[in-house]
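Below is the file protein08.txt, which contains compact mmCIF, C-alpha atoms.
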# COMPACT_ATOMS: atom_id res chain seq x y z
CA MET A 3 66.12 75.16 91.29
CA GLU A 4 64.47 76.45 94.45
CA ILE A 5 66.50 77.53 97.48
CA MET A 6 64.12 78.63 100.21
CA ILE A 7 64.49 82.07 101.81
CA ASN A 8 62.41 84.05 104.28
CA ALA A 9 60.00 86.74 103.16
CA PRO A 10 62.02 89.96 102.83
CA THR A 11 61.73 92.52 105.60
CA THR A 12 61.80 96.30 105.21
CA VAL A 13 65.33 97.73 105.15
CA VAL A 14 66.57 101.04 106.53
CA SER A 15 69.72 102.41 104.89
CA VAL A 16 71.72 105.32 106.31
CA LYS A 17 74.69 107.11 104.70
CA PRO A 18 77.14 108.50 105.29
CA VAL A 19 78.03 107.54 108.83
CA VAL A 20 81.36 109.31 109.29
CA LEU A 21 84.12 107.70 111.35
CA THR A 22 87.23 109.58 112.38
CA ALA A 23 90.34 108.00 110.87
CA PRO A 24 93.62 109.45 112.17
CA GLY A 25 96.50 108.92 109.74
CA ARG A 26 94.17 108.33 106.78
CA ASP A 27 93.86 112.05 105.84
CA GLU A 28 90.23 111.40 104.98
CA ASP A 29 87.34 110.53 107.27
CA LEU A 30 85.97 107.03 106.72
CA GLN A 31 82.44 107.12 105.33
CA VAL A 32 80.23 104.06 105.66
CA ARG A 33 76.74 103.06 104.68
CA VAL A 34 74.64 100.96 107.03
CA SER A 35 71.72 98.86 105.74
CA ALA A 36 69.66 97.17 108.44
CA PRO A 37 66.36 95.34 108.83
CA ALA A 38 63.72 97.62 110.30
CA ILE A 39 62.69 94.90 112.74
CA GLY A 40 64.39 92.11 114.65
CA ARG A 41 66.96 91.78 117.41
CA GLU A 42 70.35 90.08 117.78
CA LEU A 43 71.10 90.94 114.16
CA PRO A 44 74.27 89.42 112.66
CA ILE A 45 76.66 91.72 110.81
CA ILE A 46 78.31 91.63 107.38
CA LEU A 47 81.18 94.00 106.54
CA PHE A 48 81.37 94.44 102.78
CA SER A 49 84.52 95.59 100.94
CA HIS A 50 83.93 96.96 97.44
CA GLY A 51 85.98 96.31 94.32
CA TYR A 52 88.52 98.77 92.95
CA GLY A 53 87.03 102.21 92.28
CA TRP A 54 83.63 101.55 93.81
CA SER A 55 82.13 103.10 96.94
CA LEU A 56 79.55 102.63 99.69
CA ASP A 57 76.86 103.04 97.02
CA GLY A 58 77.71 99.83 95.14
CA TYR A 59 76.70 96.19 95.29
CA GLY A 60 72.99 96.75 95.87
CA PRO A 61 72.00 93.29 94.58
CA LEU A 62 73.90 91.67 97.47
CA VAL A 63 73.57 94.31 100.18
CA ASP A 64 69.84 94.85 99.75
CA PHE A 65 69.21 91.12 99.76
CA TRP A 66 71.31 90.32 102.83
CA ALA A 67 69.73 93.18 104.79
CA SER A 68 66.22 92.09 103.79
CA GLN A 69 67.09 88.65 105.18
CA GLY A 70 68.11 89.88 108.62
CA PHE A 71 71.74 91.04 108.38
CA VAL A 72 73.13 94.48 109.18
CA VAL A 73 75.45 95.28 106.26
CA ILE A 74 78.17 97.91 106.67
CA GLN A 75 79.96 99.25 103.57
CA PRO A 76 82.97 101.57 103.70
CA THR A 77 84.21 103.80 100.89
CA HIS A 78 87.88 102.86 100.53
CA LEU A 79 90.56 105.33 99.38
CA ASP A 80 90.70 103.90 95.84
CA SER A 81 87.07 104.93 95.23
CA ARG A 82 86.42 107.01 92.13
CA THR A 83 84.36 109.29 94.40
CA LEU A 84 87.59 110.35 96.16
CA ASN A 85 89.75 110.52 93.04
CA LEU A 86 93.16 110.13 94.68
CA PRO A 87 95.93 110.89 92.17
CA PRO A 88 98.44 108.08 91.48
CA GLU A 89 101.24 110.17 92.97
CA ASP A 90 99.41 110.49 96.31
CA PRO A 91 101.70 108.99 99.00
CA ARG A 92 98.83 106.83 100.23
CA THR A 93 98.35 105.12 96.86
CA PRO A 94 100.98 102.34 97.28
CA LEU A 95 99.50 101.50 100.68
CA ILE A 96 95.82 101.53 99.75
CA TRP A 97 95.63 97.76 100.27
CA ARG A 98 96.63 98.30 103.93
CA PHE A 99 94.32 101.28 104.40
CA ARG A 100 91.49 99.05 103.15
CA VAL A 101 92.16 96.43 105.84
CA GLU A 102 92.42 99.17 108.46
CA ASP A 103 89.08 100.61 107.26
CA MET A 104 87.39 97.32 108.06
CA LYS A 105 89.01 97.06 111.50
CA ARG A 106 88.05 100.67 112.24
CA ILE A 107 84.41 99.79 111.56
CA LEU A 108 84.60 96.99 114.13
CA ASP A 109 86.32 99.31 116.60
CA GLN A 110 83.55 101.91 116.23
CA LEU A 111 80.43 99.73 116.20
CA ASP A 112 79.05 101.72 119.16
CA LEU A 113 79.11 104.92 117.10
CA ILE A 114 77.67 103.18 114.04
CA GLU A 115 74.86 101.67 116.09
CA ALA A 116 74.04 105.07 117.62
CA SER A 117 74.05 106.77 114.20
CA VAL A 118 71.26 104.65 112.71
CA PRO A 119 67.80 105.46 114.09
CA GLY A 120 66.29 102.45 115.83
CA LEU A 121 69.39 100.25 115.61
CA GLY A 122 70.56 100.69 119.22
CA GLY A 123 70.95 97.44 121.14
CA ARG A 124 70.04 95.23 118.16
CA LEU A 125 73.46 94.03 116.92
CA ASP A 126 74.82 90.56 117.60
CA ARG A 127 78.54 91.28 117.86
CA SER A 128 79.39 87.62 118.28
CA ARG A 129 78.23 86.91 114.71
CA ILE A 130 80.28 89.01 112.29
CA ALA A 131 81.14 88.02 108.73
CA ALA A 132 83.09 89.85 106.03
CA ALA A 133 82.54 89.71 102.27
CA GLY A 134 84.35 91.35 99.37
CA HIS A 135 84.50 91.43 95.58
CA SER A 136 87.74 91.54 93.56
CA PHE A 137 90.11 93.98 95.36
CA GLY A 138 87.61 93.80 98.22
CA GLY A 139 88.11 90.05 98.27
CA GLN A 140 91.83 90.52 98.87
CA THR A 141 90.96 92.97 101.67
CA VAL A 142 88.67 90.45 103.32
CA GLY A 143 91.09 87.58 102.73
CA THR A 144 93.70 89.49 104.73
CA LEU A 145 91.22 89.84 107.59
CA LEU A 146 90.61 86.08 107.39
CA GLY A 147 94.33 85.28 107.71
CA ALA A 148 95.93 85.64 104.26
CA ARG A 149 99.27 87.45 104.30
CA VAL A 150 101.16 89.44 101.68
CA LEU A 151 104.53 87.97 100.69
CA ASP A 152 107.46 90.35 100.36
CA ALA A 153 109.99 90.42 97.51
CA HIS A 154 111.86 87.53 99.13
CA GLY A 155 108.74 85.37 99.48
CA GLU A 156 108.47 85.92 103.22
CA PRO A 157 104.99 86.45 104.69
CA GLY A 158 104.33 89.94 105.98
CA GLU A 159 102.34 91.10 108.98
CA ASP A 160 99.41 89.04 110.20
CA MET A 161 96.46 91.45 109.86
CA SER A 162 93.70 88.93 110.57
CA ASP A 163 90.88 89.85 112.94
CA SER A 164 89.40 87.24 115.26
CA ARG A 165 86.15 89.21 115.53
CA ILE A 166 85.31 88.05 112.00
CA LYS A 167 83.94 84.49 112.14
CA ALA A 168 83.26 83.77 108.45
CA GLY A 169 84.03 85.14 105.00
CA VAL A 170 82.69 85.29 101.45
CA LEU A 171 85.30 85.95 98.75
CA LEU A 172 83.84 86.89 95.36
CA ALA A 173 86.11 86.85 92.27
CA THR A 174 89.17 87.18 94.49
CA THR A 175 92.63 87.09 92.96
CA GLY A 176 94.98 84.18 93.48
CA LYS A 177 98.74 83.72 93.82
CA GLY A 178 101.23 86.37 92.80
CA GLY A 179 104.79 85.87 91.59
CA ALA A 180 104.98 84.24 88.18
CA ASP A 181 101.17 84.08 88.07
CA LEU A 182 100.94 87.88 87.73
CA SER A 183 101.06 89.66 84.38
CA PRO A 184 104.08 91.99 83.99
CA PHE A 185 101.78 95.00 84.41
CA ALA A 186 100.33 93.66 87.68
CA ALA A 187 103.75 92.70 89.02
CA GLU A 188 105.01 96.23 88.39
CA HIS A 189 102.01 98.18 89.65
CA PHE A 190 100.48 95.89 92.29
CA PRO A 191 103.33 94.22 94.22
CA PHE A 192 100.91 93.62 97.14
CA MET A 193 99.03 91.13 94.93
CA ASN A 194 101.29 88.39 96.23
CA PRO A 195 99.26 86.59 98.87
CA SER A 196 99.92 83.50 100.94
CA PHE A 197 96.73 81.69 101.89
CA ALA A 198 98.56 79.26 104.19
CA ASP A 199 97.18 80.91 107.35
CA MET A 200 93.69 81.80 106.02
CA SER A 201 91.92 79.38 108.33
CA THR A 202 88.61 81.24 108.94
CA PRO A 203 85.61 79.42 107.40
CA THR A 204 85.07 80.90 103.95
CA LEU A 205 82.89 80.57 100.86
CA VAL A 206 84.94 81.26 97.71
CA ILE A 207 82.92 82.20 94.61
CA ALA A 208 84.62 82.13 91.19
CA GLY A 209 83.48 82.39 87.58
CA ASP A 210 84.84 79.82 85.13
CA HIS A 211 84.99 82.52 82.39
CA ASP A 212 86.72 85.16 84.56
CA GLN A 213 89.86 85.86 82.51
CA SER A 214 91.90 88.53 84.30
CA PRO A 215 94.42 90.80 82.55
CA LEU A 216 96.31 90.81 85.86
CA SER A 217 97.26 87.14 85.62
CA THR A 218 99.10 84.85 83.21
CA ARG A 219 96.70 82.07 84.22
CA GLY A 220 93.11 81.39 83.33
CA PRO A 221 89.92 81.57 85.40
CA ASP A 222 91.25 78.92 87.79
CA TRP A 223 93.40 81.73 89.31
CA PHE A 224 90.32 82.82 91.25
CA THR A 225 90.03 79.40 92.92
CA ASP A 226 93.42 79.73 94.68
CA PRO A 227 91.88 81.12 97.89
CA TYR A 228 90.01 77.81 98.20
CA PHE A 229 92.66 75.31 97.16
CA LEU A 230 95.63 76.98 98.89
CA SER A 231 94.04 77.67 102.29
CA PRO A 232 93.51 75.36 105.27
CA GLY A 233 90.40 74.73 107.31
CA SER A 234 86.72 74.63 106.46
CA LYS A 235 86.12 76.08 102.99
CA SER A 236 83.57 75.82 100.19
CA LEU A 237 84.00 76.76 96.53
CA LEU A 238 81.13 77.80 94.27
CA THR A 239 82.23 77.72 90.63
CA LEU A 240 79.74 79.58 88.43
CA PHE A 241 79.37 78.35 84.86
CA GLY A 242 79.88 81.08 82.25
CA ALA A 243 80.49 83.79 84.84
CA GLU A 244 82.96 86.59 84.24
CA HIS A 245 84.36 89.09 86.78
CA SER A 246 81.02 90.71 87.64
CA LEU A 247 79.56 87.26 88.41
CA GLY A 248 76.32 88.08 86.61
CA GLY A 249 75.93 91.63 87.92
CA ILE A 250 76.71 91.86 91.64
CA PRO A 251 78.39 95.33 91.54
CA GLY A 252 75.04 97.05 90.99
CA TYR A 253 71.78 97.22 89.14
CA ASN A 254 72.31 97.74 85.40
CA VAL A 255 75.93 98.89 85.74
CA THR A 256 77.93 99.21 82.56
CA GLU A 257 80.90 97.12 83.72
CA THR A 258 78.77 93.98 83.94
CA THR A 259 79.86 91.87 80.96
CA ASP A 260 77.90 88.73 81.80
CA GLU A 261 74.51 89.96 82.97
CA SER A 262 72.51 87.14 84.53
CA PRO A 263 69.80 87.79 87.13
CA GLU A 264 69.61 84.03 87.69
CA ARG A 265 73.31 83.86 88.55
CA VAL A 266 73.01 86.81 90.94
CA ALA A 267 70.01 85.15 92.61
CA LEU A 268 72.02 81.96 93.10
CA ILE A 269 74.87 83.93 94.73
CA GLN A 270 72.37 85.72 96.97
CA ARG A 271 70.75 82.53 98.21
CA LEU A 272 73.85 80.36 98.52
CA SER A 273 75.85 83.05 100.34
CA LEU A 274 72.93 83.57 102.73
CA ALA A 275 72.66 79.85 103.43
CA TYR A 276 76.42 79.60 103.89
CA LEU A 277 76.54 82.45 106.39
CA HIS A 278 73.56 81.08 108.29
CA ASN A 279 75.51 77.85 108.68
CA ALA A 280 78.95 79.34 109.37
CA LEU A 281 77.60 81.76 111.99
CA ASP A 282 75.48 79.02 113.59
CA LEU A 283 72.22 80.82 112.89
CA ASP A 284 70.53 77.97 110.99
CA THR A 285 72.40 74.79 110.17
CA SER A 286 69.69 73.31 107.95
CA SER A 287 69.62 75.85 105.09
CA TRP A 288 73.14 75.16 103.77
CA PRO A 289 72.69 71.39 103.27
CA ALA A 290 69.28 72.11 101.72
CA ALA A 291 70.82 74.65 99.32
CA LEU A 292 73.56 72.20 98.32
CA ALA A 293 70.97 69.51 97.65
CA ALA A 294 68.87 71.90 95.55
CA LEU A 295 71.89 72.82 93.42
CA GLU A 296 72.93 69.20 92.98
CA GLU A 297 69.44 68.10 91.99
CA SER A 298 68.95 70.90 89.45
CA GLU A 299 68.48 69.73 85.87
CA SER A 300 70.40 72.73 84.51
CA PRO A 301 72.68 73.94 87.34
CA LEU A 302 74.30 77.36 87.12
CA GLY A 303 77.36 76.14 89.00
CA ARG A 304 78.85 73.50 91.25
CA ILE A 305 79.97 73.42 94.86
CA GLU A 306 82.80 71.54 96.51
CA SER A 307 83.81 71.68 100.16
CA LYS A 308 86.67 70.61 102.38

Could you spell out this file's structure in structure tokens?
Amino acid sequence: MEIMINAPTTVVSVKPVVLTAPGRDEDLQVRVSAPAIGRELPIILFSHGYGWSLDGYGPLVDFWASQGFVVIQPTHLDSRTLNLPPEDPRTPLIWRFRVEDMKRILDQLDLIEASVPGLGGRLDRSRIAAAGHSFGGQTVGTLLGARVLDAHGEPGEDMSDSRIKAGVLLATTGKGGADLSPFAAEHFPFMNPSFADMSTPTLVIAGDHDQSPLSTRGPDWFTDPYFLSPGSKSLLTLFGAEHSLGGIPGYNVTETTDESPERVALIQRLSLAYLHNALDLDTSSWPAALAALEESESPLGRIESK
């Protein structure tokens, strides 16, 4: 199966860019990866999975940047590089700090732009997407309009951000309540989302072998963000994929249980085509990518849209 992409361009990556973060008790460190050439560059904010940092997810970040996006990656407070103890008073609220991290990046784009040599004046701030894997998917989902239900099933604060025009949710957890394992219900009460207001255009990517210890359900749990949300959405179900979706957290990382360079390449190309379409950069690449997947003799997954 051949999904066409542009020849990769040279990428400049700068870290850490340090953003002041009052109330966080820790400056926010971000990594910026940008094409060395080009103007009016669209932006992707990327939220890492639990324990990771700004140094993760090279297979996606490097690819998107080589294809013309400026990718900005924060290190959230749950990162193993910060090693917050469980009894830290911030720990129960890390899910909120994560959302605030992403908003803080958008608030300080001027500083970020000025901190990367040669980037000044080259960002297209009207074309901003957000992507996240696992815990990062919940973070991004909240920015897209999902809300956390309280103990009485009432939706909490709307923390969506209208500056974000499209999303990519990778292996993102589904409903809470009875769908959570007892361990998850006890330790992660914030894993109780309502997708009823998540109306921002989004590509949901799920593995049909992703069996989570946090849920009493099977791999279909990770399709909830698609089926339970309104508006324009697409779902890519990857055949045989587990939680690492073939290896997106990094090159040769030990937590990848389902290593598949072909699967990673499909995610790279389909997410690129989706974002080109959703951000109105190129409306022809997404239909072409869908056709290529459908016509494949041995497809790695399937796509449905609504």

Please provide the set of residues having any atom within 9 Å of Val266 in chain A, restricted to all atoms listed in the file, with same-chain residues fewer than 3 positions apart removed, written as a PDB file with C-alpha atoms, keeping the file's coordinate frame.
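Contents of the output file selection_13.pdb:
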ATOM      1  CA  PRO A  61      72.000  93.290  94.580  1.00  0.00           C
ATOM      2  CA  LEU A  62      73.900  91.670  97.470  1.00  0.00           C
ATOM      3  CA  LEU A 247      79.560  87.260  88.410  1.00  0.00           C
ATOM      4  CA  GLY A 248      76.320  88.080  86.610  1.00  0.00           C
ATOM      5  CA  GLY A 249      75.930  91.630  87.920  1.00  0.00           C
ATOM      6  CA  ILE A 250      76.710  91.860  91.640  1.00  0.00           C
ATOM      7  CA  GLU A 261      74.510  89.960  82.970  1.00  0.00           C
ATOM      8  CA  SER A 262      72.510  87.140  84.530  1.00  0.00           C
ATOM      9  CA  PRO A 263      69.800  87.790  87.130  1.00  0.00           C
ATOM     10  CA  ILE A 269      74.870  83.930  94.730  1.00  0.00           C
ATOM     11  CA  GLN A 270      72.370  85.720  96.970  1.00  0.00           C
ATOM     12  CA  ARG A 271      70.750  82.530  98.210  1.00  0.00           C
TER      13      ARG A 271
END

Task: CA of Phe48 in chain A to CA of Gly139 in chain A, straight-line distance in Å - done: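 Computing the Euclidean distance for CA of Gly139 in chain A and CA of Phe48 in chain A yields 9.2 Å.
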
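Interatomic distance, CA of Ser234 in chain A to CA of Asp260 in chain A: 29.7 Å.
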
TODO: Determine the nearest neighbour of Ser246 in chain A from the options A:Phe65, A:Pro44, A:His50, A:Asp282, counting only C-alpha atoms.
DONE: A:His50

Open item on the list: As an exercise, work out the distance from CA of Ala131 in chain A to CA of Leu277 in chain A in Å and give it to one decimal place.
Closed with: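 About the pair CA of Ala131 in chain A and CA of Leu277 in chain A: they are 7.6 Å apart.
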
Would you compute the box with edges along x, y and z of the file around range 107-120 of chain A, including every atom the file lists for it and 6 Å extra on each side, and give its centre and edge lengths in Å to one decimal, as lines of an AutoDock Vina configuration file?
center_x = 76.3
center_y = 101.9
center_z = 115.4
size_x = 32.0
size_y = 21.8
size_z = 19.6

Which residues of range 37-142 of chain A have any atom within 8 Å of an atom in range 155-172 of chain A when counting all atoms listed in the file, and what is the closest pair of atoms for each, with the distance in Å to one decimal? Order the rows by chain and rising number and write it as JSON lines.
{"residue": "A:Val101", "atom": "CA", "partner": "A:Met161", "partner_atom": "CA", "distance": 7.7}
{"residue": "A:Lys105", "atom": "CA", "partner": "A:Asp163", "partner_atom": "CA", "distance": 7.6}
{"residue": "A:Ser128", "atom": "CA", "partner": "A:Arg165", "partner_atom": "CA", "distance": 7.5}
{"residue": "A:Arg129", "atom": "CA", "partner": "A:Lys167", "partner_atom": "CA", "distance": 6.7}
{"residue": "A:Ile130", "atom": "CA", "partner": "A:Ile166", "partner_atom": "CA", "distance": 5.1}
{"residue": "A:Ala131", "atom": "CA", "partner": "A:Ala168", "partner_atom": "CA", "distance": 4.8}
{"residue": "A:Ala132", "atom": "CA", "partner": "A:Gly169", "partner_atom": "CA", "distance": 4.9}
{"residue": "A:Ala133", "atom": "CA", "partner": "A:Val170", "partner_atom": "CA", "distance": 4.5}
{"residue": "A:Gly134", "atom": "CA", "partner": "A:Leu171", "partner_atom": "CA", "distance": 5.5}
{"residue": "A:His135", "atom": "CA", "partner": "A:Leu172", "partner_atom": "CA", "distance": 4.6}
{"residue": "A:Ser136", "atom": "CA", "partner": "A:Leu172", "partner_atom": "CA", "distance": 6.3}
{"residue": "A:Gly139", "atom": "CA", "partner": "A:Leu171", "partner_atom": "CA", "distance": 5.0}
{"residue": "A:Gln140", "atom": "CA", "partner": "A:Leu171", "partner_atom": "CA", "distance": 8.0}
{"residue": "A:Val142", "atom": "CA", "partner": "A:Leu171", "partner_atom": "CA", "distance": 7.2}

Task: Long-range neighbours of range 67-81 of chain A as number ranges by chain, 6 Å cut-off, all atoms listed in the file, 4 positions minimum in chain - done: A: 10-11, 13, 31-37, 43-48, 53-56, 100

TODO: For His245 in chain A, please output as a ChimeraX atom specification all residues within 7 Å (counting only C-alpha atoms; exclusion window: fewer than 6 positions along the same chain).
DONE: /A:173,209,212

What are the closest atom pairs, with distances in Å to one decimal, for each residue of range 122-240 of chain A lying within 12 Å of range 286-300 of chain A, using only C-alpha atoms, rows by chain and rising residue number, as JSON lines?
{"residue": "A:Leu205", "atom": "CA", "partner": "A:Trp288", "partner_atom": "CA", "distance": 11.5}
{"residue": "A:Ser236", "atom": "CA", "partner": "A:Leu292", "partner_atom": "CA", "distance": 10.8}
{"residue": "A:Leu237", "atom": "CA", "partner": "A:Leu292", "partner_atom": "CA", "distance": 11.5}
{"residue": "A:Leu238", "atom": "CA", "partner": "A:Leu292", "partner_atom": "CA", "distance": 10.3}
{"residue": "A:Thr239", "atom": "CA", "partner": "A:Leu295", "partner_atom": "CA", "distance": 11.8}
{"residue": "A:Leu240", "atom": "CA", "partner": "A:Leu295", "partner_atom": "CA", "distance": 11.5}
